[in-house]
Every structure is written in structure tokens, then in C-alpha cells.
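**Q** The following file, model_13.txt, comprises compact mmCIF, C-alpha atoms:
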```txt
# COMPACT_ATOMS: atom_id res chain seq x y z
CA MET J 1 62.60 120.32 64.25
CA ILE J 2 64.03 123.75 64.02
CA LYS J 3 64.91 125.50 67.22
CA GLU J 4 64.08 129.15 67.25
CA THR J 5 66.39 131.29 69.28
CA LYS J 6 64.92 134.20 71.12
CA TYR J 7 67.09 137.25 71.48
CA TYR J 8 66.93 139.62 74.41
CA THR J 9 68.11 143.20 74.71
CA CYS J 10 70.64 144.03 77.42
CA GLU J 11 69.20 146.59 79.84
CA TYR J 12 72.60 148.27 80.28
CA CYS J 13 74.30 148.36 76.86
CA PHE J 14 71.12 147.72 74.73
CA LYS J 15 72.81 145.03 72.58
CA GLU J 16 70.90 141.95 71.53
CA PHE J 17 72.08 138.65 73.06
CA GLU J 18 71.05 135.02 73.29
CA PRO J 19 70.25 134.01 76.92
CA LYS J 20 72.49 131.33 78.47
CA ARG J 21 70.32 130.53 81.48
CA ARG J 22 66.82 129.17 81.86
CA ARG J 23 65.39 132.25 83.51
CA VAL J 24 64.99 135.51 81.71
CA GLN J 25 68.26 137.42 81.73
CA LYS J 26 68.35 141.20 81.89
CA TYR J 27 72.02 141.70 80.99
CA CYS J 28 74.26 140.22 78.33
CA SER J 29 77.27 139.71 80.63
CA ASN J 30 78.46 139.92 84.22
CA SER J 31 80.25 143.19 83.50
CA CYS J 32 76.98 144.79 82.28
CA ARG J 33 75.14 143.45 85.33
CA SER J 34 77.80 144.84 87.68
CA SER J 35 77.92 148.20 85.87
CA ALA J 36 74.12 148.50 86.06
CA TYR J 37 74.24 147.83 89.81
CA GLN J 38 76.90 150.52 90.32
CA GLN J 39 74.83 152.98 88.30
CA ARG J 40 71.67 152.22 90.31
CA LYS J 41 73.61 152.61 93.53
CA ALA J 42 75.03 155.98 92.45
CA ASN J 43 71.57 157.21 91.37
CA LEU J 44 70.05 156.14 94.69
CA ASN J 45 72.68 158.09 96.66
CA ASN J 46 72.15 161.18 94.50
CA THR J 47 68.39 161.11 95.00
CA LYS J 48 68.78 160.69 98.78
CA GLU J 49 71.03 163.74 98.95
CA ASN J 50 68.62 165.87 96.92
CA LEU J 51 65.51 165.01 98.93
CA PRO J 52 64.48 167.39 101.72
CA LYS J 53 65.03 165.97 105.20
CA LEU J 54 61.78 165.15 106.99
CA LYS J 55 61.50 164.88 110.74
CA ASP J 56 60.78 161.34 111.86
CA SER J 57 58.62 161.18 114.98
CA ASN J 58 60.27 157.89 116.02
CA ALA J 59 63.82 159.14 115.51
CA PRO J 60 65.74 160.09 118.67
CA GLN J 61 65.73 163.83 119.21
CA ILE J 62 68.99 165.69 119.82
CA PRO J 63 68.67 167.56 123.11
CA HIS J 64 68.72 171.34 122.91
CA LYS J 65 71.70 172.88 124.69
CA GLU J 66 70.64 175.58 127.09
CA LYS J 67 72.81 178.56 127.85
CA ILE J 68 74.01 179.18 131.38
CA SER J 69 72.01 181.86 133.16
CA ALA J 70 71.90 183.26 136.66
CA ALA J 71 68.39 181.88 137.13
CA GLY J 72 69.53 178.39 136.12
CA VAL J 73 72.48 178.48 138.50
CA GLY J 74 70.20 179.71 141.32
CA ASN J 75 67.67 176.94 140.65
CA ALA J 76 70.43 174.31 140.67
CA ALA J 77 71.81 175.63 143.98
CA LEU J 78 68.35 175.66 145.61
CA GLY J 79 67.66 172.13 144.38
CA SER J 80 70.96 170.90 145.78
CA LEU J 81 70.33 172.56 149.16
CA ALA J 82 66.83 171.08 149.33
CA ALA J 83 68.10 167.58 148.53
CA ASP J 84 70.88 167.84 151.14
CA GLY J 85 68.40 169.10 153.75
CA VAL J 86 65.97 166.23 153.14
CA LYS J 87 68.85 163.75 153.23
CA SER J 88 70.15 165.09 156.56
CA ILE J 89 66.65 164.96 158.11
CA PHE J 90 65.99 161.34 157.16
CA THR J 91 69.51 159.92 157.75
CA PRO J 92 69.95 158.51 161.29
CA ARG J 93 72.79 160.04 163.32
CA LYS J 94 74.72 156.77 163.52
CA ASN J 95 74.74 156.48 159.69
CA ARG J 96 76.04 159.99 159.03
CA PRO J 97 79.64 160.51 157.93
CA ALA J 98 82.23 161.26 160.63
CA THR J 99 83.16 164.90 161.16
CA LYS J 100 86.47 166.33 162.35
CA GLY J 101 84.95 166.73 165.82
CA ASP J 102 83.98 163.05 165.90
CA ILE J 103 87.52 162.04 164.99
CA ASP J 104 89.02 164.33 167.67
CA THR J 105 86.72 162.79 170.32
CA LEU J 106 87.73 159.30 169.21
CA LEU J 107 91.44 160.17 169.42
CA GLU J 108 90.99 161.57 172.93
CA LYS J 109 89.32 158.33 174.05
CA LEU J 110 92.12 156.26 172.50
CA ASP J 111 94.69 158.10 174.63
CA ASN J 112 93.43 156.07 177.60
CA ARG J 113 95.12 152.73 178.19
CA PHE J 114 92.02 150.76 179.29
CA HIS J 115 88.71 150.61 177.43
CA LEU J 116 85.54 149.02 178.79
CA VAL J 117 84.32 146.00 176.83
CA LYS J 118 80.54 146.40 176.79
CA ASN J 119 79.54 143.06 175.27
CA MET J 120 81.13 140.95 178.06
CA ASN J 121 79.71 140.35 181.54
CA PRO J 122 81.64 141.06 184.78
CA ASN J 123 83.45 138.12 186.36
CA ALA J 124 82.42 136.34 189.63
CA LEU J 125 84.20 138.96 191.77
CA GLY J 126 82.31 141.84 190.13
CA ALA J 127 85.27 143.15 188.09
CA TYR J 128 84.46 144.52 184.63
CA PRO J 129 86.39 143.51 181.48
CA TYR J 130 88.64 146.16 179.95
CA TYR J 131 90.84 145.98 176.86
CA ASP J 132 94.44 146.98 177.56
CA LEU J 133 95.84 148.84 174.53
CA LEU J 134 99.49 148.40 175.61
CA GLU J 135 99.31 144.67 176.34
CA GLY J 136 96.64 143.89 173.70
CA LYS J 137 94.56 141.64 176.00
CA ILE J 138 91.48 141.66 178.19
CA VAL J 139 91.99 142.50 181.90
CA TYR J 140 89.40 142.66 184.70
CA LEU J 141 89.41 145.76 186.87
CA ARG J 142 87.18 146.76 189.75
CA PRO J 143 85.24 149.99 189.25
CA GLN J 144 86.53 152.90 191.32
```
Please express what this file holds, its structure, as C-alpha cells.
**A**
Amino acid sequence: MIKETKYYTCEYCFKEFEPKRRRVQKYCSNSCRSSAYQQRKANLNNTKENLPKLKDSNAPQIPHKEKISAAGVGNAALGSLAADGVKSIFTPRKNRPATKGDIDTLLEKLDNRFHLVKNMNPNALGAYPYYDLLEGKIVYLRPQ
């Protein structure tokens, strides 16, 4: 029985070769296969660069930078004033930030030595509890 050998033509260098694998081979050697890949890769990059760029509707859009104008600054200022006004209307007084006047009032009250403790009841003699800032303890004093 005579075995007929089938020759193939390399798709890169166009030489005839006898295949060494069971499947159909396109290239005669690994170097031709690698060179063909590099060539395809280079051709693909060249065609991508030459094609016109199309807008993709799903692609993220780059925001347009607006120029600063007097109208834009005025609108921003009005918006900020409106937001601050609404915030001051709906914020309860006890939750607002302390002002310089509030701090001055607090410092004046702290100049006193005795401060009434409001969450404690008077003792059996009717004297109210006060906190003594100098001693650092609770004392009971009769109201004057």
C-alpha cells in the first residue's frame, strides 16, 4: 500500500509543506504562524486608525464645559440663598449652630458659682439642688 502525501501551501510564505498534525495546518512553521499573526495585528490597527469615528449612543458622553458668565454666577448665588433660606425655616432653633452671641451668653452664665440642676427634685426641707463650680459637687440651697 502506497501512502500518498498531500502537500499544503503555507498562507504566509506560500511554500509547499507536508503537514505534521492531524488537523489542516495553515502555516509551514511556528515562525510563519507568528509572523502572520503580527501582520494581521498590524493591519487591524491600521484599519482602525483610518476608519471615521462614529458616535456610539451607549458610550458615556463627555460633559460640555460652560464658560463663566454673570448670569451663571447670579443664578448660583440665588440658588444658594434660596437653599439657605429654606434650611433656616425648617431647622428647629435648638438644632441650629451656636452664634457668637450664644457663646457670650453661656460664658456670662458660667461666671456664676452655683447653677441650678433642673433634673433633680428639691430635698425634704424644700432646698433646690445646685452644682458648685468651685467645689465640683451638688449643694442644696434655699431659694431667696
**Q** Neighbours of region 98-114 of chain J within 7 Å (only C-alpha atoms; same-chain residues fewer than 4 positions away dropped), as a VMD selection string?
**A** chain J and resid 130 to 134
**Q** Can you spit out the residues from that selection as a CSV table (one decimal), in the frame of the given file, using C-alpha atoms?
**A**
```csv
chain,number,residue,atom,x,y,z
J,130,TYR,CA,88.6,146.2,180.0
J,131,TYR,CA,90.8,146.0,176.9
J,132,ASP,CA,94.4,147.0,177.6
J,133,LEU,CA,95.8,148.8,174.5
J,134,LEU,CA,99.5,148.4,175.6
```
**Q** Contacts of Lys20 (chain J) at 12 Å or less, counting only C-alpha atoms, minus same-chain residues fewer than 6 places along, as a PyMOL selection string?
**A** chain J and resi 5-8+26-30
**Q** Given all atoms listed in the file as the basis, pick out the residue of J:Glu18, J:Asp84, J:Tyr12, J:Ile138 nearest to Gln38 (chain J).
**A** J:Tyr12
**Q** So which residues touch Val117 (chain J) within 12 Å, counting all atoms listed in the file, skipping near sequence neighbours fewer than 2 positions away, as a PyMOL selection string?
**A** chain J and resi 114-115+119-122+127-132+137-141
**Q** How far is it from CA of Cys10 (chain J) to CA of Arg23 (chain J), in Å with one decimal?
**A** 14.3 Å
**Q** One decimal, Å: what's the distance from CA of Gln25 (chain J) over to CA of Tyr37 (chain J), could you say?
**A** 14.5 Å
**Q** Between CA of Thr9 (chain J) and CA of Gln39 (chain J), what is the distance, to one decimal in Å?
**A**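 That distance, rounded to one decimal, is 18.0 Å.
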